[in-house]
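Reproduced below: data26.pdb, with PDB, C-alpha atoms, pLDDT in the B column.
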```pdb
ATOM      1  CA  MET S   1     -20.010 -13.960 -40.939  1.00 53.00           C
ATOM      2  CA  ASP S   2     -20.046 -17.690 -40.237  1.00 61.00           C
ATOM      3  CA  ILE S   3     -22.143 -18.598 -37.171  1.00 67.00           C
ATOM      4  CA  SER S   4     -19.754 -21.396 -36.260  1.00 66.00           C
ATOM      5  CA  GLU S   5     -16.983 -18.847 -35.769  1.00 70.00           C
ATOM      6  CA  LEU S   6     -19.160 -16.739 -33.472  1.00 71.00           C
ATOM      7  CA  VAL S   7     -20.000 -19.780 -31.350  1.00 73.00           C
ATOM      8  CA  LYS S   8     -16.310 -20.066 -30.466  1.00 72.00           C
ATOM      9  CA  LEU S   9     -16.701 -16.791 -28.577  1.00 78.00           C
ATOM     10  CA  LEU S  10     -19.021 -18.479 -26.102  1.00 82.00           C
ATOM     11  CA  GLY S  11     -16.156 -18.542 -23.616  1.00 82.00           C
ATOM     12  CA  ILE S  12     -16.412 -14.748 -23.326  1.00 85.00           C
ATOM     13  CA  ILE S  13     -20.067 -15.111 -22.327  1.00 87.00           C
ATOM     14  CA  VAL S  14     -19.018 -17.624 -19.668  1.00 86.00           C
ATOM     15  CA  VAL S  15     -16.517 -15.104 -18.238  1.00 87.00           C
ATOM     16  CA  ILE S  16     -19.070 -12.287 -18.201  1.00 89.00           C
ATOM     17  CA  VAL S  17     -21.713 -14.460 -16.516  1.00 88.00           C
ATOM     18  CA  GLY S  18     -19.222 -15.825 -13.972  1.00 85.00           C
ATOM     19  CA  PHE S  19     -17.940 -12.412 -12.963  1.00 84.00           C
ATOM     20  CA  THR S  20     -21.478 -10.994 -12.858  1.00 86.00           C
ATOM     21  CA  LEU S  21     -22.589 -13.754 -10.484  1.00 85.00           C
ATOM     22  CA  LYS S  22     -19.361 -13.232  -8.468  1.00 81.00           C
ATOM     23  CA  LEU S  23     -18.274 -16.829  -8.861  1.00 81.00           C
ATOM     24  CA  ASP S  24     -14.718 -18.002  -8.220  1.00 80.00           C
ATOM     25  CA  SER S  25     -12.512 -16.140 -10.721  1.00 79.00           C
ATOM     26  CA  ILE S  26     -10.043 -18.972 -11.437  1.00 77.00           C
ATOM     27  CA  LEU S  27     -12.830 -21.512 -11.823  1.00 83.00           C
ATOM     28  CA  THR S  28     -14.727 -19.174 -14.167  1.00 85.00           C
ATOM     29  CA  ILE S  29     -11.702 -18.605 -16.391  1.00 82.00           C
ATOM     30  CA  LEU S  30     -10.901 -22.326 -16.461  1.00 83.00           C
ATOM     31  CA  ILE S  31     -14.481 -23.213 -17.473  1.00 87.00           C
ATOM     32  CA  ALA S  32     -14.380 -20.539 -20.184  1.00 86.00           C
ATOM     33  CA  ALA S  33     -11.109 -21.954 -21.526  1.00 85.00           C
ATOM     34  CA  VAL S  34     -12.452 -25.518 -21.589  1.00 86.00           C
ATOM     35  CA  THR S  35     -15.693 -24.338 -23.237  1.00 86.00           C
ATOM     36  CA  THR S  36     -13.784 -22.529 -25.967  1.00 84.00           C
ATOM     37  CA  ALA S  37     -11.496 -25.512 -26.553  1.00 84.00           C
ATOM     38  CA  VAL S  38     -14.416 -27.957 -26.832  1.00 85.00           C
ATOM     39  CA  ILE S  39     -16.398 -25.748 -29.206  1.00 83.00           C
ATOM     40  CA  ALA S  40     -13.325 -25.157 -31.368  1.00 80.00           C
ATOM     41  CA  GLY S  41     -12.694 -28.893 -31.544  1.00 82.00           C
ATOM     42  CA  MET S  42      -9.270 -28.663 -29.947  1.00 82.00           C
ATOM     43  CA  ASP S  43      -7.628 -31.932 -28.983  1.00 83.00           C
ATOM     44  CA  PRO S  44      -7.332 -32.340 -25.158  1.00 83.00           C
ATOM     45  CA  ILE S  45      -3.567 -32.864 -25.404  1.00 85.00           C
ATOM     46  CA  VAL S  46      -3.162 -29.743 -27.528  1.00 84.00           C
ATOM     47  CA  PHE S  47      -5.345 -27.804 -25.074  1.00 81.00           C
ATOM     48  CA  LEU S  48      -3.203 -28.829 -22.113  1.00 82.00           C
ATOM     49  CA  GLN S  49      -0.012 -28.004 -24.039  1.00 82.00           C
ATOM     50  CA  THR S  50      -1.376 -24.565 -24.932  1.00 81.00           C
ATOM     51  CA  LEU S  51      -2.435 -23.943 -21.334  1.00 77.00           C
ATOM     52  CA  GLY S  52       0.971 -24.978 -20.004  1.00 79.00           C
ATOM     53  CA  LYS S  53       2.844 -22.919 -22.575  1.00 80.00           C
ATOM     54  CA  SER S  54       0.795 -19.837 -21.726  1.00 74.00           C
ATOM     55  CA  PHE S  55       1.446 -20.344 -18.027  1.00 71.00           C
ATOM     56  CA  VAL S  56       5.193 -20.742 -18.483  1.00 70.00           C
ATOM     57  CA  SER S  57       5.484 -17.689 -20.745  1.00 70.00           C
ATOM     58  CA  THR S  58       3.706 -15.472 -18.183  1.00 66.00           C
ATOM     59  CA  ARG S  59       4.885 -17.079 -14.938  1.00 64.00           C
ATOM     60  CA  THR S  60       6.853 -13.977 -13.915  1.00 60.00           C
ATOM     61  CA  MET S  61       3.532 -12.182 -13.466  1.00 59.00           C
ATOM     62  CA  LEU S  62       2.812 -14.518 -10.530  1.00 62.00           C
ATOM     63  CA  ILE S  63       5.688 -13.146  -8.450  1.00 63.00           C
ATOM     64  CA  CYS S  64       3.276 -10.642  -6.892  1.00 60.00           C
ATOM     65  CA  VAL S  65       1.087 -13.566  -5.785  1.00 65.00           C
ATOM     66  CA  VAL S  66       4.043 -15.063  -3.927  1.00 67.00           C
ATOM     67  CA  VAL S  67       4.631 -11.709  -2.213  1.00 64.00           C
ATOM     68  CA  PHE S  68       0.984 -11.544  -1.137  1.00 65.00           C
ATOM     69  CA  VAL S  69       1.068 -15.077   0.280  1.00 70.00           C
ATOM     70  CA  LEU S  70       4.332 -14.443   2.123  1.00 67.00           C
ATOM     71  CA  THR S  71       3.101 -11.134   3.537  1.00 65.00           C
ATOM     72  CA  GLY S  72      -0.179 -12.644   4.691  1.00 69.00           C
ATOM     73  CA  THR S  73       1.632 -15.539   6.371  1.00 72.00           C
ATOM     74  CA  LEU S  74       3.978 -13.184   8.215  1.00 67.00           C
ATOM     75  CA  GLU S  75       1.101 -10.959   9.327  1.00 66.00           C
ATOM     76  CA  ARG S  76      -0.862 -13.942  10.623  1.00 72.00           C
ATOM     77  CA  ASN S  77       2.175 -15.035  12.636  1.00 72.00           C
ATOM     78  CA  GLY S  78       2.599 -11.679  14.380  1.00 73.00           C
ATOM     79  CA  LEU S  79       4.642  -9.443  12.083  1.00 70.00           C
ATOM     80  CA  ARG S  80       2.427  -6.390  12.687  1.00 69.00           C
ATOM     81  CA  ASN S  81       2.416  -6.984  16.441  1.00 75.00           C
ATOM     82  CA  ALA S  82       6.202  -7.305  16.479  1.00 76.00           C
ATOM     83  CA  ALA S  83       6.538  -3.994  14.625  1.00 72.00           C
ATOM     84  CA  ARG S  84       4.211  -2.317  17.125  1.00 72.00           C
ATOM     85  CA  GLU S  85       6.089  -3.692  20.124  1.00 76.00           C
ATOM     86  CA  LEU S  86       9.371  -2.484  18.667  1.00 74.00           C
ATOM     87  CA  MET S  87       8.101   1.092  18.319  1.00 73.00           C
ATOM     88  CA  ARG S  88       6.681   1.131  21.857  1.00 72.00           C
ATOM     89  CA  ARG S  89      10.242   0.716  23.117  1.00 74.00           C
ATOM     90  CA  VAL S  90      11.593   3.625  21.056  1.00 73.00           C
ATOM     91  CA  LYS S  91      11.293   6.975  22.818  1.00 76.00           C
ATOM     92  CA  GLY S  92      10.606  10.159  20.873  1.00 77.00           C
ATOM     93  CA  ALA S  93       9.596   8.418  17.650  1.00 81.00           C
ATOM     94  CA  SER S  94       6.649   9.546  15.559  1.00 87.00           C
ATOM     95  CA  GLY S  95       4.931   8.457  12.389  1.00 87.00           C
ATOM     96  CA  GLY S  96       6.568  11.271  10.430  1.00 90.00           C
ATOM     97  CA  ILE S  97      10.032  10.298  11.631  1.00 91.00           C
ATOM     98  CA  ILE S  98       9.343   6.666  10.684  1.00 90.00           C
ATOM     99  CA  MET S  99       8.377   7.784   7.176  1.00 91.00           C
ATOM    100  CA  ALA S 100      11.506   9.927   6.902  1.00 92.00           C
ATOM    101  CA  ALA S 101      13.762   7.070   8.039  1.00 91.00           C
ATOM    102  CA  TYR S 102      12.098   4.702   5.602  1.00 91.00           C
ATOM    103  CA  GLY S 103      12.603   7.215   2.788  1.00 92.00           C
ATOM    104  CA  VAL S 104      16.329   7.435   3.509  1.00 92.00           C
ATOM    105  CA  PHE S 105      16.802   3.658   3.532  1.00 90.00           C
ATOM    106  CA  ARG S 106      14.537   3.263   0.513  1.00 90.00           C
ATOM    107  CA  VAL S 107      16.471   5.694  -1.677  1.00 91.00           C
ATOM    108  CA  ILE S 108      19.803   4.148  -0.642  1.00 90.00           C
ATOM    109  CA  PHE S 109      18.702   0.633  -1.541  1.00 88.00           C
ATOM    110  CA  ALA S 110      16.960   1.893  -4.693  1.00 86.00           C
ATOM    111  CA  ALA S 111      20.316   3.251  -5.838  1.00 86.00           C
ATOM    112  CA  PHE S 112      21.507  -0.380  -5.913  1.00 85.00           C
ATOM    113  CA  ASN S 113      18.233  -1.509  -7.538  1.00 81.00           C
ATOM    114  CA  VAL S 114      17.155  -3.405  -4.402  1.00 80.00           C
ATOM    115  CA  GLY S 115      13.431  -3.444  -3.680  1.00 77.00           C
ATOM    116  CA  PHE S 116      11.623  -3.967  -0.373  1.00 74.00           C
ATOM    117  CA  GLY S 117       8.398  -5.365  -1.791  1.00 72.00           C
ATOM    118  CA  GLY S 118       6.531  -2.118  -2.262  1.00 76.00           C
ATOM    119  CA  VAL S 119       3.280  -1.155  -0.580  1.00 77.00           C
ATOM    120  CA  ALA S 120       1.885  -4.681  -0.304  1.00 71.00           C
ATOM    121  CA  GLY S 121       5.105  -6.402   0.716  1.00 74.00           C
ATOM    122  CA  PHE S 122       6.636  -3.904   3.153  1.00 80.00           C
ATOM    123  CA  ILE S 123       4.570  -0.750   3.704  1.00 84.00           C
ATOM    124  CA  LYS S 124       1.392  -2.457   4.915  1.00 80.00           C
ATOM    125  CA  PRO S 125       2.885  -5.165   7.179  1.00 79.00           C
ATOM    126  CA  VAL S 126       5.914  -3.271   8.559  1.00 80.00           C
ATOM    127  CA  VAL S 127       5.994   0.514   8.057  1.00 85.00           C
ATOM    128  CA  MET S 128       2.327   1.234   8.823  1.00 85.00           C
ATOM    129  CA  PRO S 129       2.217  -0.692  12.152  1.00 84.00           C
ATOM    130  CA  MET S 130       5.432   1.032  13.242  1.00 84.00           C
ATOM    131  CA  ALA S 131       4.077   4.476  12.345  1.00 86.00           C
ATOM    132  CA  GLU S 132       0.746   3.827  14.072  1.00 85.00           C
ATOM    133  CA  ALA S 133       2.462   2.539  17.224  1.00 84.00           C
ATOM    134  CA  ALA S 134       4.827   5.524  17.260  1.00 85.00           C
ATOM    135  CA  ASP S 135       1.956   8.029  17.103  1.00 84.00           C
ATOM    136  CA  ASP S 136      -0.436   6.091  19.330  1.00 83.00           C
ATOM    137  CA  PRO S 137       1.298   3.487  21.533  1.00 77.00           C
ATOM    138  CA  ASP S 138      -1.895   2.626  23.414  1.00 75.00           C
ATOM    139  CA  GLY S 139      -4.059   2.475  20.307  1.00 72.00           C
ATOM    140  CA  THR S 140      -6.730   4.750  21.777  1.00 76.00           C
ATOM    141  CA  LEU S 141      -6.155   8.262  20.378  1.00 79.00           C
ATOM    142  CA  MET S 142      -5.604   7.852  16.628  1.00 84.00           C
ATOM    143  CA  THR S 143      -8.559   8.866  14.497  1.00 86.00           C
ATOM    144  CA  SER S 144      -9.478   7.273  11.180  1.00 87.00           C
ATOM    145  CA  LYS S 145      -8.456  10.513   9.417  1.00 89.00           C
ATOM    146  CA  HIS S 146      -4.972  10.303  10.953  1.00 89.00           C
ATOM    147  CA  ARG S 147      -4.656   6.648   9.938  1.00 88.00           C
ATOM    148  CA  ASP S 148      -5.659   7.456   6.362  1.00 90.00           C
ATOM    149  CA  ASP S 149      -3.111  10.291   6.292  1.00 91.00           C
ATOM    150  CA  LEU S 150      -0.393   7.880   7.438  1.00 90.00           C
ATOM    151  CA  LYS S 151      -1.332   5.484   4.648  1.00 90.00           C
ATOM    152  CA  GLY S 152      -1.021   8.303   2.128  1.00 91.00           C
ATOM    153  CA  MET S 153       2.326   9.398   3.551  1.00 92.00           C
ATOM    154  CA  ALA S 154       3.707   5.848   3.465  1.00 90.00           C
ATOM    155  CA  SER S 155       2.664   5.325  -0.148  1.00 89.00           C
ATOM    156  CA  GLY S 156       3.936   8.772  -1.102  1.00 91.00           C
ATOM    157  CA  MET S 157       7.347   8.166   0.443  1.00 92.00           C
ATOM    158  CA  GLU S 158       7.570   4.822  -1.349  1.00 90.00           C
ATOM    159  CA  ASN S 159       6.863   6.516  -4.686  1.00 90.00           C
ATOM    160  CA  VAL S 160       9.224   9.458  -4.153  1.00 92.00           C
ATOM    161  CA  ALA S 161      12.156   7.414  -2.839  1.00 91.00           C
ATOM    162  CA  TRP S 162      11.834   4.725  -5.509  1.00 89.00           C
ATOM    163  CA  PHE S 163      11.218   7.152  -8.373  1.00 87.00           C
ATOM    164  CA  PHE S 164      14.258   9.301  -7.652  1.00 89.00           C
ATOM    165  CA  GLY S 165      16.390   6.487  -6.257  1.00 88.00           C
ATOM    166  CA  GLN S 166      16.123   4.022  -9.121  1.00 84.00           C
ATOM    167  CA  VAL S 167      17.729   6.442 -11.587  1.00 83.00           C
ATOM    168  CA  LEU S 168      20.841   6.421  -9.420  1.00 85.00           C
ATOM    169  CA  PHE S 169      21.446   2.855 -10.603  1.00 83.00           C
ATOM    170  CA  VAL S 170      23.332   3.070 -13.882  1.00 78.00           C
ATOM    171  CA  GLY S 171      21.693  -0.052 -15.274  1.00 75.00           C
ATOM    172  CA  SER S 172      18.105   0.918 -14.577  1.00 76.00           C
ATOM    173  CA  SER S 173      15.555   1.268 -17.359  1.00 76.00           C
ATOM    174  CA  GLY S 174      14.881   4.874 -16.357  1.00 75.00           C
ATOM    175  CA  MET S 175      18.535   5.818 -16.696  1.00 79.00           C
ATOM    176  CA  LEU S 176      18.821   4.099 -20.071  1.00 81.00           C
ATOM    177  CA  LEU S 177      15.694   5.913 -21.235  1.00 81.00           C
ATOM    178  CA  VAL S 178      17.154   9.275 -20.259  1.00 81.00           C
ATOM    179  CA  GLN S 179      20.432   8.471 -22.018  1.00 84.00           C
ATOM    180  CA  SER S 180      18.707   7.364 -25.226  1.00 85.00           C
ATOM    181  CA  THR S 181      16.437  10.417 -25.219  1.00 85.00           C
ATOM    182  CA  LEU S 182      19.373  12.793 -24.815  1.00 85.00           C
ATOM    183  CA  LYS S 183      21.263  10.947 -27.553  1.00 86.00           C
ATOM    184  CA  GLU S 184      18.379  11.490 -29.961  1.00 85.00           C
ATOM    185  CA  LEU S 185      18.521  15.187 -29.118  1.00 86.00           C
ATOM    186  CA  GLY S 186      22.229  15.293 -29.919  1.00 87.00           C
ATOM    187  CA  TYR S 187      23.673  15.007 -26.398  1.00 85.00           C
ATOM    188  CA  THR S 188      26.002  12.097 -25.659  1.00 86.00           C
ATOM    189  CA  VAL S 189      26.301  11.461 -21.932  1.00 85.00           C
ATOM    190  CA  GLU S 190      27.670   8.663 -19.805  1.00 87.00           C
ATOM    191  CA  LEU S 191      25.447   6.776 -17.362  1.00 84.00           C
ATOM    192  CA  ALA S 192      27.806   7.483 -14.467  1.00 84.00           C
ATOM    193  CA  HIS S 193      27.612  11.213 -15.203  1.00 87.00           C
ATOM    194  CA  LEU S 194      23.817  11.082 -15.245  1.00 84.00           C
ATOM    195  CA  ALA S 195      23.790   9.246 -11.911  1.00 85.00           C
ATOM    196  CA  ALA S 196      26.054  11.885 -10.375  1.00 87.00           C
ATOM    197  CA  ILE S 197      23.677  14.621 -11.531  1.00 86.00           C
ATOM    198  CA  GLU S 198      20.675  12.764 -10.088  1.00 86.00           C
ATOM    199  CA  ILE S 199      22.183  12.405  -6.602  1.00 90.00           C
ATOM    200  CA  PRO S 200      21.352  15.943  -5.349  1.00 92.00           C
ATOM    201  CA  VAL S 201      17.924  15.739  -6.983  1.00 91.00           C
ATOM    202  CA  ALA S 202      17.110  12.527  -5.101  1.00 91.00           C
ATOM    203  CA  LEU S 203      18.448  13.884  -1.809  1.00 92.00           C
ATOM    204  CA  ILE S 204      16.439  17.111  -2.096  1.00 94.00           C
ATOM    205  CA  ALA S 205      13.265  15.224  -3.024  1.00 93.00           C
ATOM    206  CA  VAL S 206      13.519  12.821  -0.073  1.00 94.00           C
ATOM    207  CA  ALA S 207      14.533  15.583   2.355  1.00 95.00           C
ATOM    208  CA  PHE S 208      11.665  17.853   1.318  1.00 95.00           C
ATOM    209  CA  THR S 209       9.144  15.006   1.467  1.00 94.00           C
ATOM    210  CA  SER S 210      10.431  13.910   4.883  1.00 94.00           C
ATOM    211  CA  ALA S 211      10.157  17.431   6.319  1.00 94.00           C
ATOM    212  CA  TYR S 212       6.654  17.824   4.960  1.00 94.00           C
ATOM    213  CA  TYR S 213       5.500  14.466   6.340  1.00 94.00           C
ATOM    214  CA  ILE S 214       6.962  15.182   9.793  1.00 93.00           C
ATOM    215  CA  PHE S 215       5.071  18.493   9.848  1.00 94.00           C
ATOM    216  CA  LEU S 216       1.883  16.848   8.599  1.00 92.00           C
ATOM    217  CA  ASP S 217       2.124  14.043  11.163  1.00 92.00           C
ATOM    218  CA  ARG S 218       2.544  16.521  14.030  1.00 91.00           C
ATOM    219  CA  ARG S 219      -0.563  18.349  12.863  1.00 91.00           C
ATOM    220  CA  CYS S 220      -2.436  15.033  12.782  1.00 90.00           C
ATOM    221  CA  GLN S 221      -1.288  14.253  16.330  1.00 88.00           C
ATOM    222  CA  LYS S 222      -2.518  17.666  17.461  1.00 89.00           C
ATOM    223  CA  ARG S 223      -5.921  16.999  15.918  1.00 88.00           C
ATOM    224  CA  ASP S 224      -6.062  13.641  17.711  1.00 86.00           C
ATOM    225  CA  LEU S 225      -5.435  15.324  21.067  1.00 86.00           C
ATOM    226  CA  GLU S 226      -8.074  17.956  20.356  1.00 85.00           C
ATOM    227  CA  ALA S 227     -10.584  15.280  19.379  1.00 83.00           C
ATOM    228  CA  ALA S 228      -9.783  13.279  22.534  1.00 82.00           C
ATOM    229  CA  ALA S 229     -10.158  16.392  24.715  1.00 83.00           C
ATOM    230  CA  GLU S 230     -13.471  17.239  23.087  1.00 82.00           C
ATOM    231  CA  LYS S 231     -14.675  13.675  23.567  1.00 79.00           C
ATOM    232  CA  ALA S 232     -13.610  13.740  27.214  1.00 77.00           C
ATOM    233  CA  GLY S 233     -15.387  17.065  27.690  1.00 73.00           C
ATOM    234  CA  ASN S 234     -18.565  15.729  26.141  1.00 67.00           C
ATOM    235  CA  THR S 235     -18.346  12.665  28.363  1.00 65.00           C
ATOM    236  CA  ALA S 236     -17.910  14.843  31.440  1.00 56.00           C
ATOM    237  CA  VAL S 237     -20.870  17.005  30.480  1.00 51.00           C
ATOM    238  CA  THR S 238     -23.002  13.922  29.844  1.00 62.00           C
ATOM    239  CA  SER S 239     -22.011  12.451  33.216  1.00 61.00           C
ATOM    240  CA  ALA S 240     -22.876  15.730  34.942  1.00 54.00           C
ATOM    241  CA  LEU S 241     -26.289  15.851  33.259  1.00 53.00           C
ATOM    242  CA  VAL S 242     -27.001  12.269  34.265  1.00 55.00           C
ATOM    243  CA  ALA S 243     -26.010  13.049  37.846  1.00 61.00           C
ATOM    244  CA  ASP S 244     -28.239  16.147  37.902  1.00 57.00           C
ATOM    245  CA  ASN S 245     -31.175  14.182  36.523  1.00 63.00           C
ATOM    246  CA  ALA S 246     -30.641  11.465  39.108  1.00 60.00           C
ATOM    247  CA  ALA S 247     -30.528  14.084  41.892  1.00 58.00           C
ATOM    248  CA  ASP S 248     -33.697  15.742  40.620  1.00 58.00           C
ATOM    249  CA  ASN S 249     -35.497  12.408  40.461  1.00 64.00           C
ATOM    250  CA  ALA S 250     -34.359  11.539  43.983  1.00 59.00           C
ATOM    251  CA  HIS S 251     -35.487  14.956  45.259  1.00 56.00           C
ATOM    252  CA  ALA S 252     -38.866  14.558  43.567  1.00 56.00           C
ATOM    253  CA  THR S 253     -39.264  11.110  45.108  1.00 61.00           C
ATOM    254  CA  VAL S 254     -38.507  12.448  48.581  1.00 53.00           C
ATOM    255  CA  GLU S 255     -41.002  15.301  48.177  1.00 57.00           C
ATOM    256  CA  GLY S 256     -43.634  12.875  46.928  1.00 56.00           C
ATOM    257  CA  GLY S 257     -43.091  10.673  49.959  1.00 56.00           C
ATOM    258  CA  GLU S 258     -43.397  13.588  52.375  1.00 56.00           C
ATOM    259  CA  ALA S 259     -46.629  14.683  50.693  1.00 52.00           C
TER     260      ALA S 259
END
```

Exercise: express the given structure as structure tokens:
Amino acid sequence: MDISELVKLLGIIVVIVGFTLKLDSILTILIAAVTTAVIAGMDPIVFLQTLGKSFVSTRTMLICVVVFVLTGTLERNGLRNAARELMRRVKGASGGIIMAAYGVFRVIFAAFNVGFGGVAGFIKPVVMPMAEAADDPDGTLMTSKHRDDLKGMASGMENVAWFFGQVLFVGSSGMLLVQSTLKELGYTVELAHLAAIEIPVALIAVAFTSAYYIFLDRRCQKRDLEAAAEKAGNTAVTSALVADNAADNAHATVEGGEA
């Protein structure tokens, strides 16, 4: 194999070294691209045209970056705090009920192929703060285990509601896949008929998941109360021991003085 051809792969070495040293990812990739272009003898104008063409052809992949920037900006300007304050005013709410309500709205909007931004765009900045504030308005009782369970429930409800809700939209890729698969098997069905069949399936899935999450959240709240009671008991015992030790020391001091 020609050595000159292998030298053109030097850009891969640059990427490996940059990532290993934990350098800036974009800068590392850009240096690797320039290195490869220089070694290959590519004209600067051609290099810039190739870079621009590649960016334009894959620009839709950057939509998620816009969502991240928007979500971060809203969080920095008080979106999470606003969600918490809203739930503190609602009586009788709980994290499980929040998840159930989100599942209902999510499956309805999914039926019209309308997304909320997913876990990064809606679950993390809106649903999670509301669920946490509903279960623990003062922010003092919730354990890390309960918070992790809420994160799992929120992500699970997002997956269930979107998975079963998107096939209710007759133009979705999932519905078209089902129709084409059945056609290959010899069954000709209309998209509207498939959507009608999927309606009870989606409703049962969301209802079952909601009931399970409400039950699971109540169990988590019970564990939080038990942990708080145990902590309070330990604190009381510790305070009593400290008081006893202080009394014993005072008594010993008095006896020593009398002697």

Show which residues sit within 12 Å of range 129-134 of chain S, as a VMD selection string. Count only C-alpha atoms, and ignore same-chain residues fewer than 5 positions away. chain S and resid 75 78 to 102 122 to 124 139 to 144 146 to 151 153 to 154 213 to 214 217 to 218 220 to 221

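Counting all atoms listed in the file and comparing S:Ser210, S:Ser172, S:Ser25, S:Asn77, the residue that lies closest to Ala195 in chain S is S:Ser172.
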
From CA of Gly171 in chain S to CA of Val56 in chain S the spacing works out at 26.7 Å

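Across S:Ile39, S:Asp224, S:Val46, S:Arg106, the tightest approach to Glu5 in chain S is made by S:Ile39 when counting only C-alpha atoms.
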
For a test of reading the model, state the distance in Å between CA of Gly165 in chain S and CA of Gly186 in chain S, rounded to one decimal.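 Separation of CA of Gly165 in chain S and CA of Gly186 in chain S: 25.9 Å.
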
* To do: Using the chain letters and numbers from the file, give me the residues hit by the PyMOL selection byres ((chain S and resi 202) around 10), as a list in words.
  => Val107, Ile108, Ala111, Val160, Ala161, Trp162, Phe163, Phe164, Gly165, Gln166, Val167, Leu168, Ile197, Glu198, Ile199, Pro200, Val201, Leu203, Ile204, Ala205, Val206, Ala207 and Phe208 of chain S

Here CA of Lys145 in chain S and CA of Asn159 in chain S stand apart by 21.2 Å
